[in-house]
Structures are given as structure tokens and as C-alpha cells.
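Asker: Contents of input21.cif (mmCIF, C-alpha atoms and all ligand atoms) are below:
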```cif
data_run
#
loop_
_atom_site.label_atom_id
_atom_site.label_comp_id
_atom_site.auth_asym_id
_atom_site.auth_seq_id
_atom_site.Cartn_x
_atom_site.Cartn_y
_atom_site.Cartn_z
CA MET A 3 -29.33 -137.54 52.68
CA LYS A 4 -28.58 -141.05 51.48
CA ILE A 5 -28.72 -143.81 54.13
CA ASP A 6 -27.71 -147.44 53.48
CA LEU A 7 -28.87 -150.32 55.62
CA ARG A 8 -26.39 -152.91 56.99
CA ALA A 9 -23.49 -151.44 55.08
CA SER A 10 -19.95 -152.82 55.27
CA LEU A 11 -17.38 -150.49 56.81
CA ARG A 12 -14.43 -152.45 55.44
CA ALA A 13 -13.50 -149.78 52.89
CA HIS A 14 -14.06 -147.02 55.47
CA ASN A 15 -11.44 -147.99 58.05
CA THR A 16 -7.73 -148.20 57.22
CA PHE A 17 -7.29 -151.45 59.20
CA GLY A 18 -9.76 -152.95 56.73
CA PHE A 19 -11.80 -154.66 59.47
CA ASP A 20 -14.93 -156.13 58.00
CA VAL A 21 -17.67 -154.91 60.33
CA SER A 22 -20.98 -153.35 59.38
CA ALA A 23 -23.01 -150.28 60.29
CA GLN A 24 -26.72 -150.72 60.95
CA TYR A 25 -27.39 -147.44 59.12
CA LEU A 26 -24.72 -145.66 57.11
CA ALA A 27 -25.31 -142.03 56.10
CA TYR A 28 -23.26 -139.78 53.81
CA LEU A 29 -22.89 -136.17 54.96
CA GLN A 30 -22.40 -133.87 51.97
CA ASN A 31 -23.39 -130.51 53.37
CA LYS A 32 -24.07 -128.81 56.69
CA SER A 33 -27.80 -129.47 56.61
CA ASP A 34 -27.08 -133.23 56.30
CA VAL A 35 -25.24 -132.96 59.62
CA VAL A 36 -28.25 -131.39 61.35
CA GLU A 37 -30.64 -133.90 59.77
CA PHE A 38 -28.41 -136.86 60.69
CA ILE A 39 -28.10 -135.93 64.35
CA SER A 40 -31.74 -135.06 64.81
CA LYS A 41 -32.76 -138.36 63.18
CA ALA A 42 -30.48 -140.43 65.42
CA GLN A 43 -31.56 -138.50 68.53
CA SER A 44 -35.28 -138.62 67.80
CA GLU A 45 -35.03 -142.40 67.28
CA LYS A 46 -32.86 -142.65 70.42
CA GLU A 47 -30.18 -144.49 68.47
CA PRO A 48 -26.43 -144.22 69.09
CA TRP A 49 -24.51 -142.31 66.43
CA GLN A 50 -20.98 -141.54 65.29
CA VAL A 51 -19.34 -139.64 62.45
CA PHE A 52 -16.22 -140.99 60.72
CA GLY A 53 -13.72 -139.20 58.50
CA GLY A 54 -11.25 -141.35 56.58
CA GLY A 55 -11.36 -144.08 59.25
CA SER A 56 -7.60 -143.85 59.68
CA ASN A 57 -7.59 -143.70 63.46
CA LEU A 58 -10.19 -146.32 64.32
CA VAL A 59 -10.29 -149.87 65.62
CA LEU A 60 -13.66 -151.37 64.71
CA ALA A 61 -13.97 -154.53 66.76
CA LYS A 62 -17.75 -155.06 66.42
CA ASP A 63 -20.69 -154.29 64.17
CA LEU A 64 -22.00 -150.81 64.92
CA SER A 65 -25.61 -150.38 65.91
CA GLY A 66 -27.53 -147.18 65.24
CA TYR A 67 -26.35 -144.46 62.88
CA THR A 68 -22.88 -144.07 61.43
CA ALA A 69 -22.07 -141.24 59.04
CA LEU A 70 -19.21 -140.63 56.64
CA MET A 71 -18.12 -137.00 56.55
CA GLN A 72 -17.94 -136.04 52.87
CA ILE A 73 -18.37 -132.24 52.84
CA LYS A 74 -15.91 -130.85 50.28
CA GLY A 75 -14.28 -127.50 49.52
CA LYS A 76 -11.07 -125.57 50.16
CA SER A 77 -10.25 -121.90 49.74
CA LEU A 78 -8.17 -118.91 50.73
CA LEU A 79 -10.46 -117.18 53.26
CA LYS A 80 -8.44 -114.00 53.60
CA GLU A 81 -4.93 -112.66 53.69
CA THR A 82 -3.32 -109.92 55.73
CA SER A 83 0.06 -108.30 55.12
CA THR A 84 1.62 -111.08 57.20
CA HIS A 85 -0.57 -114.20 56.99
CA PHE A 86 -2.69 -116.44 54.78
CA TYR A 87 -5.90 -117.89 56.23
CA ILE A 88 -6.91 -121.04 54.39
CA GLU A 89 -9.93 -123.20 55.03
CA ALA A 90 -10.93 -126.74 54.12
CA MET A 91 -14.21 -128.53 54.67
CA ALA A 92 -14.11 -131.56 56.94
CA GLY A 93 -14.53 -134.20 54.21
CA GLU A 94 -11.43 -133.16 52.24
CA SER A 95 -8.49 -135.57 52.22
CA TRP A 96 -5.80 -134.16 54.51
CA HIS A 97 -2.94 -134.97 52.15
CA GLU A 98 -4.73 -133.49 49.11
CA PHE A 99 -5.32 -130.32 51.13
CA VAL A 100 -1.61 -130.10 52.00
CA GLU A 101 -0.71 -130.54 48.30
CA TRP A 102 -3.30 -127.93 47.28
CA SER A 103 -1.94 -125.43 49.83
CA LEU A 104 1.59 -125.78 48.44
CA ASN A 105 0.49 -125.65 44.79
CA ASN A 106 -1.39 -122.42 45.51
CA GLY A 107 1.47 -120.70 47.31
CA TYR A 108 0.39 -121.11 50.95
CA PRO A 109 3.30 -123.02 52.50
CA GLY A 110 3.48 -124.17 56.11
CA LEU A 111 1.74 -127.55 56.19
CA GLU A 112 4.45 -129.51 54.32
CA ASN A 113 5.75 -131.36 57.42
CA LEU A 114 2.30 -132.94 57.75
CA ALA A 115 2.31 -134.44 54.23
CA LEU A 116 0.91 -137.93 53.59
CA ILE A 117 -0.91 -138.28 56.91
CA PRO A 118 -3.94 -140.45 56.12
CA GLY A 119 -7.43 -139.21 56.97
CA THR A 120 -9.59 -136.16 56.51
CA VAL A 121 -9.28 -132.48 57.41
CA GLY A 122 -12.15 -132.76 59.91
CA ALA A 123 -10.42 -135.54 61.83
CA ALA A 124 -7.08 -133.72 62.02
CA PRO A 125 -7.90 -131.48 65.04
CA ILE A 126 -9.48 -134.34 67.00
CA GLN A 127 -6.12 -135.89 67.79
CA ASN A 128 -4.09 -132.76 67.02
CA ILE A 129 -2.13 -134.57 64.30
CA GLY A 130 1.60 -134.09 64.36
CA ALA A 131 4.66 -135.33 62.56
CA TYR A 132 8.23 -134.39 61.66
CA GLY A 133 8.45 -131.34 63.90
CA LEU A 134 4.99 -129.81 63.45
CA GLU A 135 1.72 -130.21 65.32
CA LEU A 136 -1.60 -129.05 63.91
CA GLU A 137 -2.18 -126.66 66.82
CA GLU A 138 0.78 -124.53 65.64
CA VAL A 139 -0.99 -123.65 62.37
CA PHE A 140 -4.59 -123.86 63.60
CA GLU A 141 -6.80 -120.75 63.58
CA SER A 142 -10.37 -121.97 64.25
CA LEU A 143 -12.97 -124.51 63.22
CA GLU A 144 -16.69 -124.71 62.72
CA ALA A 145 -18.60 -127.58 64.29
CA PHE A 146 -22.17 -128.58 65.02
CA ASP A 147 -22.64 -128.66 68.80
CA ARG A 148 -25.03 -131.41 69.84
CA LEU A 149 -25.70 -129.71 73.20
CA THR A 150 -26.81 -126.36 71.83
CA GLN A 151 -28.00 -127.77 68.47
CA GLU A 152 -26.14 -124.95 66.71
CA PHE A 153 -23.09 -124.45 64.55
CA VAL A 154 -20.33 -122.87 66.65
CA THR A 155 -16.86 -121.49 65.95
CA LEU A 156 -14.12 -122.81 68.22
CA ASN A 157 -10.76 -121.05 68.45
CA LYS A 158 -7.47 -122.55 69.51
CA SER A 159 -8.00 -122.23 73.26
CA ASP A 160 -11.54 -123.68 73.00
CA CYS A 161 -10.02 -126.79 71.40
CA LYS A 162 -7.65 -127.41 74.37
CA PHE A 163 -4.98 -128.99 72.23
CA SER A 164 -2.17 -131.03 73.71
CA TYR A 165 -0.07 -133.94 72.45
CA ARG A 166 -2.47 -136.10 70.37
CA HIS A 167 -5.36 -134.69 72.39
CA SER A 168 -8.13 -132.06 72.27
CA VAL A 169 -11.53 -131.15 73.70
CA PHE A 170 -13.02 -133.50 71.10
CA LYS A 171 -11.45 -136.46 72.88
CA ASP A 172 -12.63 -135.21 76.30
CA GLU A 173 -16.18 -134.74 75.04
CA PRO A 174 -16.68 -137.41 72.38
CA ASN A 175 -19.82 -137.03 70.28
CA ARG A 176 -20.47 -133.47 71.36
CA TYR A 177 -19.16 -131.80 68.21
CA VAL A 178 -19.21 -132.64 64.51
CA VAL A 179 -16.46 -130.64 62.81
CA VAL A 180 -17.53 -129.25 59.42
CA SER A 181 -14.56 -127.03 58.46
CA VAL A 182 -11.13 -126.03 59.70
CA CYS A 183 -9.20 -122.77 59.16
CA PHE A 184 -5.41 -122.57 59.25
CA VAL A 185 -3.20 -119.50 59.63
CA LEU A 186 0.12 -119.56 57.80
CA PRO A 187 2.79 -116.85 58.00
CA LYS A 188 3.73 -115.37 54.62
CA GLN A 189 7.32 -115.23 55.83
CA TRP A 190 7.88 -118.98 55.47
CA GLN A 191 10.42 -120.71 57.69
CA ALA A 192 11.51 -124.32 57.28
CA LYS A 193 10.75 -126.52 60.30
CA LEU A 194 13.70 -128.88 60.58
CA SER A 195 13.65 -129.94 64.23
CA TYR A 196 13.10 -133.61 63.31
CA ALA A 197 16.61 -135.07 63.13
CA GLU A 198 16.19 -136.80 59.76
CA LEU A 199 14.97 -133.58 58.12
CA GLU A 200 17.76 -131.56 59.65
CA LYS A 201 20.30 -134.09 58.40
CA ALA A 202 18.80 -134.17 54.92
CA PHE A 203 18.84 -130.39 54.48
CA ALA A 204 21.78 -129.31 56.65
CA HIS A 205 23.81 -128.12 53.65
CA GLN A 206 21.05 -127.13 51.27
CA HIS A 207 20.75 -123.45 50.40
CA SER A 208 17.47 -121.99 49.12
CA LEU A 209 15.38 -124.74 50.65
CA LYS A 210 11.77 -124.73 49.40
CA PRO A 211 8.58 -125.98 51.10
CA ILE A 212 8.14 -128.53 48.32
CA ASP A 213 11.56 -130.05 49.15
CA ILE A 214 10.38 -130.71 52.70
CA PHE A 215 7.08 -132.06 51.39
CA HIS A 216 8.88 -134.59 49.17
CA ARG A 217 11.34 -135.63 51.88
CA VAL A 218 8.54 -136.13 54.43
CA CYS A 219 6.66 -138.28 51.89
CA GLU A 220 9.82 -140.34 51.35
CA ILE A 221 10.42 -140.83 55.08
CA ARG A 222 6.81 -141.89 55.63
CA ARG A 223 6.82 -144.27 52.63
CA ASP A 224 10.02 -145.79 53.93
CA LYS A 225 8.97 -146.26 57.57
CA LEU A 226 5.21 -146.60 57.61
CA PRO A 227 2.98 -149.12 55.86
CA ASP A 228 0.64 -147.86 53.13
CA PRO A 229 -2.91 -148.56 54.40
CA GLN A 230 -3.93 -149.44 50.81
CA VAL A 231 -1.51 -152.36 51.02
CA ILE A 232 -1.34 -153.33 54.72
CA GLY A 233 -4.14 -152.37 57.10
CA ASN A 234 -2.97 -150.01 59.87
CA ALA A 235 -3.80 -146.82 61.77
CA GLY A 236 -0.34 -145.27 62.04
CA SER A 237 1.08 -145.14 65.56
CA PHE A 238 -1.02 -147.39 67.77
CA PHE A 239 0.17 -145.95 71.10
CA HIS A 240 1.09 -142.48 72.33
CA ASN A 241 4.71 -141.85 73.16
CA PRO A 242 4.44 -141.92 76.97
CA VAL A 243 5.42 -138.83 78.91
CA VAL A 244 7.17 -139.71 82.19
CA THR A 245 8.63 -137.85 85.17
CA ASN A 246 12.29 -136.91 85.22
CA GLU A 247 12.73 -139.35 88.13
CA LEU A 248 11.43 -142.35 86.17
CA TYR A 249 13.38 -141.25 83.09
CA GLN A 250 16.64 -141.13 85.08
CA GLN A 251 16.00 -144.60 86.51
CA LEU A 252 15.23 -146.04 83.10
CA LYS A 253 18.19 -144.33 81.46
CA GLN A 254 20.49 -145.88 84.02
CA GLN A 255 19.01 -149.32 83.51
CA PHE A 256 18.69 -148.98 79.70
CA PRO A 257 21.37 -146.55 78.45
CA GLN A 258 20.09 -146.83 74.85
CA LEU A 259 16.63 -145.52 75.86
CA VAL A 260 15.26 -143.10 73.22
CA ALA A 261 13.63 -140.05 74.83
CA TYR A 262 13.04 -136.35 74.17
CA PRO A 263 12.60 -133.57 76.75
CA SER A 264 8.97 -132.47 77.08
CA GLY A 265 8.75 -129.46 79.42
CA GLN A 266 9.92 -130.71 82.84
CA GLN A 267 9.23 -134.29 81.79
CA TRP A 268 10.43 -136.74 79.16
CA LYS A 269 8.67 -138.26 76.17
CA LEU A 270 9.80 -141.84 75.56
CA ALA A 271 9.82 -143.39 72.08
CA ALA A 272 7.14 -146.07 72.50
CA GLY A 273 8.38 -147.71 69.27
CA TRP A 274 11.75 -148.27 70.93
CA LEU A 275 10.16 -149.74 74.09
CA ILE A 276 8.04 -152.17 72.03
CA ASP A 277 10.98 -153.00 69.77
CA GLN A 278 13.12 -153.84 72.83
CA CYS A 279 10.44 -156.25 74.01
CA GLY A 280 11.03 -158.19 70.79
CA PHE A 281 7.72 -157.43 69.10
CA LYS A 282 8.97 -155.85 65.86
CA GLY A 283 7.69 -157.99 62.98
CA TYR A 284 5.79 -160.24 65.44
CA LYS A 285 2.69 -161.94 64.01
CA VAL A 286 -0.19 -163.56 65.79
CA GLY A 287 -2.77 -165.01 63.45
CA ARG A 288 -3.59 -162.37 60.86
CA VAL A 289 -2.51 -159.34 62.85
CA GLY A 290 0.92 -158.19 63.98
CA VAL A 291 3.51 -155.49 64.59
CA TYR A 292 4.96 -153.77 61.51
CA GLU A 293 8.43 -155.02 60.66
CA LYS A 294 9.94 -151.53 60.18
CA GLN A 295 8.21 -149.58 62.97
CA ALA A 296 7.19 -151.30 66.19
CA LEU A 297 4.70 -148.55 67.10
CA VAL A 298 2.47 -149.55 64.20
CA LEU A 299 0.12 -152.51 64.50
CA VAL A 300 -1.08 -154.09 61.27
CA ASN A 301 -3.80 -156.27 59.81
CA HIS A 302 -2.12 -158.57 57.32
CA GLY A 303 -5.53 -159.34 55.81
CA GLY A 304 -8.62 -160.98 57.25
CA GLY A 305 -7.75 -160.12 60.86
CA THR A 306 -10.31 -158.76 63.31
CA GLY A 307 -10.38 -155.78 65.63
CA GLU A 308 -10.66 -158.18 68.58
CA GLU A 309 -7.48 -159.99 67.57
CA LEU A 310 -5.70 -156.67 67.24
CA LEU A 311 -6.86 -155.48 70.67
CA GLN A 312 -5.64 -158.74 72.22
CA LEU A 313 -2.23 -158.14 70.66
CA ALA A 314 -2.26 -154.56 71.96
CA GLU A 315 -2.94 -155.88 75.49
CA GLN A 316 -0.06 -158.34 75.19
CA ILE A 317 2.27 -155.49 74.18
CA LYS A 318 1.06 -153.20 76.97
CA LYS A 319 1.58 -155.96 79.54
CA LYS A 320 5.13 -156.70 78.41
CA VAL A 321 6.15 -153.02 78.24
CA LYS A 322 4.74 -152.46 81.73
CA GLU A 323 6.57 -155.52 83.05
CA ILE A 324 9.95 -154.51 81.64
CA PHE A 325 9.88 -150.70 81.74
CA LYS A 326 7.14 -149.95 84.35
CA VAL A 327 5.53 -147.68 81.77
CA SER A 328 1.83 -147.77 80.79
CA LEU A 329 1.10 -147.31 77.12
CA THR A 330 -2.04 -145.48 76.00
CA VAL A 331 -3.83 -146.54 72.84
CA GLU A 332 -4.04 -143.76 70.24
CA PRO A 333 -6.92 -144.76 67.90
CA VAL A 334 -10.57 -144.61 68.89
CA ILE A 335 -11.89 -148.06 69.75
CA PHE A 336 -15.37 -149.48 69.10
CA ASN A 337 -15.72 -152.81 70.95
N1 LIG B 1 12.30 -146.68 67.34
C1 LIG B 1 12.88 -147.91 67.49
N2 LIG B 1 12.25 -149.00 66.98
C2 LIG B 1 11.05 -148.90 66.32
C3 LIG B 1 10.46 -147.64 66.16
C4 LIG B 1 11.11 -146.53 66.68
O1 LIG B 1 13.96 -148.05 68.07
O2 LIG B 1 10.53 -149.94 65.90
C5 LIG B 1 13.01 -145.49 67.90
C6 LIG B 1 14.05 -144.92 66.95
O3 LIG B 1 15.15 -144.48 67.72
C7 LIG B 1 13.39 -143.71 66.37
C8 LIG B 1 12.50 -143.26 67.52
O4 LIG B 1 12.08 -144.47 68.16
O5 LIG B 1 14.31 -142.74 66.02
C9 LIG B 1 11.27 -142.48 67.10
O6 LIG B 1 10.65 -143.12 65.97
P1 LIG B 1 9.96 -142.24 64.82
O7 LIG B 1 10.83 -141.12 64.44
O8 LIG B 1 9.50 -143.19 63.77
O9 LIG B 1 8.73 -141.58 65.53
P2 LIG B 1 7.67 -142.11 66.60
O10 LIG B 1 7.94 -141.43 67.89
O11 LIG B 1 7.62 -143.59 66.60
C10 LIG B 1 5.98 -140.18 66.18
C11 LIG B 1 4.52 -140.04 65.88
C12 LIG B 1 4.27 -140.35 64.40
C13 LIG B 1 5.06 -139.36 63.57
C14 LIG B 1 6.54 -139.49 63.93
C15 LIG B 1 7.39 -138.47 63.24
C16 LIG B 1 3.34 -140.54 67.93
C17 LIG B 1 2.47 -141.51 68.66
N3 LIG B 1 3.74 -140.92 66.72
O12 LIG B 1 6.32 -141.55 65.98
O13 LIG B 1 2.89 -140.14 64.16
O14 LIG B 1 4.87 -139.59 62.19
O15 LIG B 1 6.73 -139.31 65.34
O16 LIG B 1 7.16 -137.21 63.78
O17 LIG B 1 3.61 -139.46 68.43
C18 LIG B 1 0.77 -141.26 64.12
O18 LIG B 1 0.45 -140.58 65.09
O19 LIG B 1 -0.01 -142.10 63.60
C19 LIG B 1 2.12 -141.14 63.57
C20 LIG B 1 2.59 -141.93 62.60
#
```
Please, can you express the file's structure as C-alpha cells?

Answerer:
Amino acid sequence: MKIDLRASLRAHNTFGFDVSAQYLAYLQNKSDVVEFISKAQSEKEPWQVFGGGSNLVLAKDLSGYTALMQIKGKSLLKETSTHFYIEAMAGESWHEFVEWSLNNGYPGLENLALIPGTVGAAPIQNIGAYGLELEEVFESLEAFDRLTQEFVTLNKSDCKFSYRHSVFKDEPNRYVVVSVCFVLPKQWQAKLSYAELEKAFAHQHSLKPIDIFHRVCEIRRDKLPDPQVIGNAGSFFHNPVVTNELYQQLKQQFPQLVAYPSGQQWKLAAGWLIDQCGFKGYKVGRVGVYEKQALVLVNHGGGTGEELLQLAEQIKKKVKEIFKVSLTVEPVIFN
């Protein structure tokens, strides 16, 4: 296993923050994972494993051991008369895996096209977009469990998925995911619950998975900044879920409020709340709020994680003041 000393993490986080890792390891197979954790633990050093770095705010240099998950491979594990079971190793690019699944005739992941990051990171925050959440197509995953020092298989209920949440967020640093298996029905059905997709395809007969894939890519390219061009981590806050009582109060006070029913409660569009506070396109120093989507914070170049977190606090304070709603940060923060 290769380990670099004092390595820059700038190219390994999509905000492009220029912090360093004391030791940076590259995990290319399952035995690297075991070796990495036992090394960090025997030296009593802190450790963390990163995927594509697309959901991270690095606001300081990291001490101890940091690893980049780079285990590769994707395959059809098995098929039944009704379903395909496909698997990808944790270091695969999520988007490339989605493309591969479509090119090989295993549709069902197309709504999740172009999400930055790796396959191994996808279950951590139960990625979701355009009417589909990972948990709906998830079968199981394999992870190294630090507590038992063994590789374990976790099924859907073990992962305790909910909106942008899982057991991996409740117990950070317990598991290192090494592969993920998805189950996709052979009888494909288009998922068009997201209004823009429904509108786009309302009159289209013989709709194909690849059509949805292309439309989702277009919507994302239109609304969200490309991390290769402007540093960002996608949505910076969760869409807050509030009680019906608070929703009714807010709706009365702000008739334009954007919200969706979520069980007995309501999910508010955090982008709308932030937008209403006047932050869209706001810049402070070298960080700011994206001009086309107020839920996305950006590094215009040369900004720091600390500056970004200060901006996030400013936004949270204003949203709380105006709407009485607390925003929760989505990315994982190192500060
Ligand atoms: N809106 C505004 N102003 C803004 C942004 C949004 O008024 O600046 C309003 C609009 O009415 C818009 C609505 O908010 O229709 C919702 O916006 P959008 O459809 O862009 O979705 P979102 O709720 O902001 C969520 C996910 C995204 C995902 C999209 C599409 C979260 C935290 N974010 O964003 O996920 O791509 O839905 O499904 O749930 C991510 O997690 O990184 C991410 C990009």
C-alpha cells in the first residue's frame, strides 16, 4: 500500500480546498483496507477514508491517516427471472457506473446520473435526485467493520436509510464500504415524479431509460455548477422537514413557500428559503452562493473551508430569523 507524506488534498475534494493530509494512503484492494486500519490503530492515529471528496468541507489540515478509496470493478452478480443484481466496488465513479449499467442493459439508475462521487460514498448519505433515492434500488453492501475487524454484509434494514442519512452517519468511522450491490427490476418503469421530468416526457411514447439519463444530465448541467469549474459539494443543506403546524403558519405568512408532503410532515425547499433571504449569487471574499441554485455554496477559487463555514453560519442565522427553521449542513465537515 502506497502512503504519501504531507500530501495535498486539493485535487481530492470538490470544493478544491487546499489542505493537506499528514499521511495519505491509496486503497486498491480489500487487504489494503485491513492494513490501513490496523496501521492507524496500532499507531493510535486518527483515520478517515474518502471517496471522490464530493461531500466534504475540509477546513483544516488533517492529522493522522487519510485514505483514498480506489478499489475498482463492476459486474452483473446474478439475475433471476425478474431482477438484475449488479455490483460495483467502492472506488468506481458513481456516474461511470450508472452509464455502464445502462450500456449493459440494466436500467433503473438513470435518475441518479451525473451525481459526483464514488459508489462507496453513495449509501453513506443515501444519495437521491429527480425522484429516486439510492435505498429504492439498494440490495446490500460489503464493508470492513472496525469493531469486529471483519468484512460484513449489510442489507437494507442494517443500513437504516432515511432522507440523506444512514447508519454510516450515525456511526462514523465504524465501517469502510468496499462494494455495493443494487437490485433492478427487469420490467423497467420510468420514474417521472420530479416535475421537470414529467413535463419533459408527458407526451413521449416509447420512453427509454437513456432518454431520462440524458434529460437528468441536462437538468443538472443547467442548474448545478460543475465541480471541475467551480468548487462545490452539491446541496449544502438538507431540505428541512417540518411539522404540519409550522408549515401551515409559514404558508400563511409566505404564500409562495415551496414545500412537498413528507409523510405527516412537510419538506421545505431550503433553496427557496435561502433565495428569499437574498443570498442567491451572494459573494463574500472567495466563497459564495451559486447564482442559479441558492442551496449550493461555492468556492470561486482560493477560498478556505473556514470562510465557507462562516458563510454557512450567516445563512443559517438569517433563515432561522426569518422562517424559524433550522438548516442542517449536508456535507461532512473537518474543522
Ligand atoms: N428554489 C428556489 N431558489 C433556488 C433554489 C431552489 O426558489 O435558488 C426552489 C424552486 O422552486 C425549486 C425548488 O426550490 O423548484 C427545489 O429545487 P430543486 O429542484 O433544484 O431541488 P432541491 O430541493 O434544491 C434536491 C436535492 C438535490 C437534487 C434535487 C433534485 C437535497 C438537499 N437536495 O435539491 O440533491 O439533485 O433535489 O432531486 O435534497 C445534493 O444532495 O447534493 C443534490 C444536488

Asker: Residues within 8 Å of ligand LIG 1 (chain B) should be enumerated using all atoms listed in the file and returned as an MDAnalysis selection string.

Answerer: chainID A and resid 57 117 129:134 165:166 196 222 225:226 235:241 260 270:278 282 293:298 332

Asker: So what do you get for atom CA of A:Glu144 versus atom CA of A:Ile212, distance-wise?

Answerer: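 For atom CA of A:Glu144 relative to atom CA of A:Ile212, the distance reads 29.0 Å.
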
Asker: In Å, with one decimal, what is the gap from atom CA of A:Leu26 to atom CA of A:Ala13?

Answerer: 12.7 Å

Asker: Have a look at atom CA of A:Asp160 and atom CA of A:Gly122 and let me know their distance in Å, one decimal.

Answerer: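 Separation of atom CA of A:Asp160 and atom CA of A:Gly122: 15.9 Å.
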
Asker: Let me make sure I understand: among A:Lys74, A:Lys319, A:Lys188, A:His207, which one has the smallest atom-to-atom distance to A:Phe86 if we use only C-alpha atoms?

Answerer: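 Checking each of A:Lys74, A:Lys319, A:Lys188, A:His207 against A:Phe86, counting only C-alpha atoms, the winner is A:Lys188.
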
Asker: Got a sec to check which residues sit within 10 Å of (-11.7, -143.5, 64.2), counting only C-alpha atoms, and write them as a short mmCIF file (atom, residue, chain, number, x, y, z; two decimals) with C-alpha atoms, in the coordinates of the input?

Answerer:
```cif
data_model
loop_
_atom_site.label_atom_id
_atom_site.label_comp_id
_atom_site.auth_asym_id
_atom_site.auth_seq_id
_atom_site.Cartn_x
_atom_site.Cartn_y
_atom_site.Cartn_z
CA HIS A 14 -14.06 -147.02 55.47
CA ASN A 15 -11.44 -147.99 58.05
CA THR A 16 -7.73 -148.20 57.22
CA GLN A 50 -20.98 -141.54 65.29
CA VAL A 51 -19.34 -139.64 62.45
CA PHE A 52 -16.22 -140.99 60.72
CA GLY A 53 -13.72 -139.20 58.50
CA GLY A 54 -11.25 -141.35 56.58
CA GLY A 55 -11.36 -144.08 59.25
CA SER A 56 -7.60 -143.85 59.68
CA ASN A 57 -7.59 -143.70 63.46
CA LEU A 58 -10.19 -146.32 64.32
CA VAL A 59 -10.29 -149.87 65.62
CA LEU A 60 -13.66 -151.37 64.71
CA GLY A 119 -7.43 -139.21 56.97
CA ALA A 123 -10.42 -135.54 61.83
CA ILE A 126 -9.48 -134.34 67.00
CA ALA A 235 -3.80 -146.82 61.77
CA GLU A 332 -4.04 -143.76 70.24
CA PRO A 333 -6.92 -144.76 67.90
CA VAL A 334 -10.57 -144.61 68.89
CA ILE A 335 -11.89 -148.06 69.75
CA PHE A 336 -15.37 -149.48 69.10
#
```

Asker: Please provide as a ChimeraX atom specification all residues within 12 Å of A:Glu173, with the sequence filter that same-chain residues fewer than 6 positions apart are discarded (counting only C-alpha atoms).

Answerer: /A:126,147-149,161-162,167

Asker: In terms of the shortest atom-to-atom distance over only C-alpha atoms, which of A:Ile317, A:Val180, A:Leu311, A:Val185 is closest to A:Val36?

Answerer: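 Selected residue with least distance to A:Val36: A:Val180.
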
Asker: Using all atoms listed in the file, find the one residue out of A:Glu112, A:Asp172, A:Glu152, A:Glu101 that sits nearest to A:Ile214.

Answerer: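 Between A:Glu112, A:Asp172, A:Glu152, A:Glu101, the residue approaching A:Ile214 most closely is A:Glu112.
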
Asker: Looking at all atoms listed in the file, which of A:Leu186, A:Val100, A:Leu11, A:Val289 is the one that sits closest to A:Glu81?

Answerer: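 Of the candidates, the smallest distance to A:Glu81 is held by A:Leu186.
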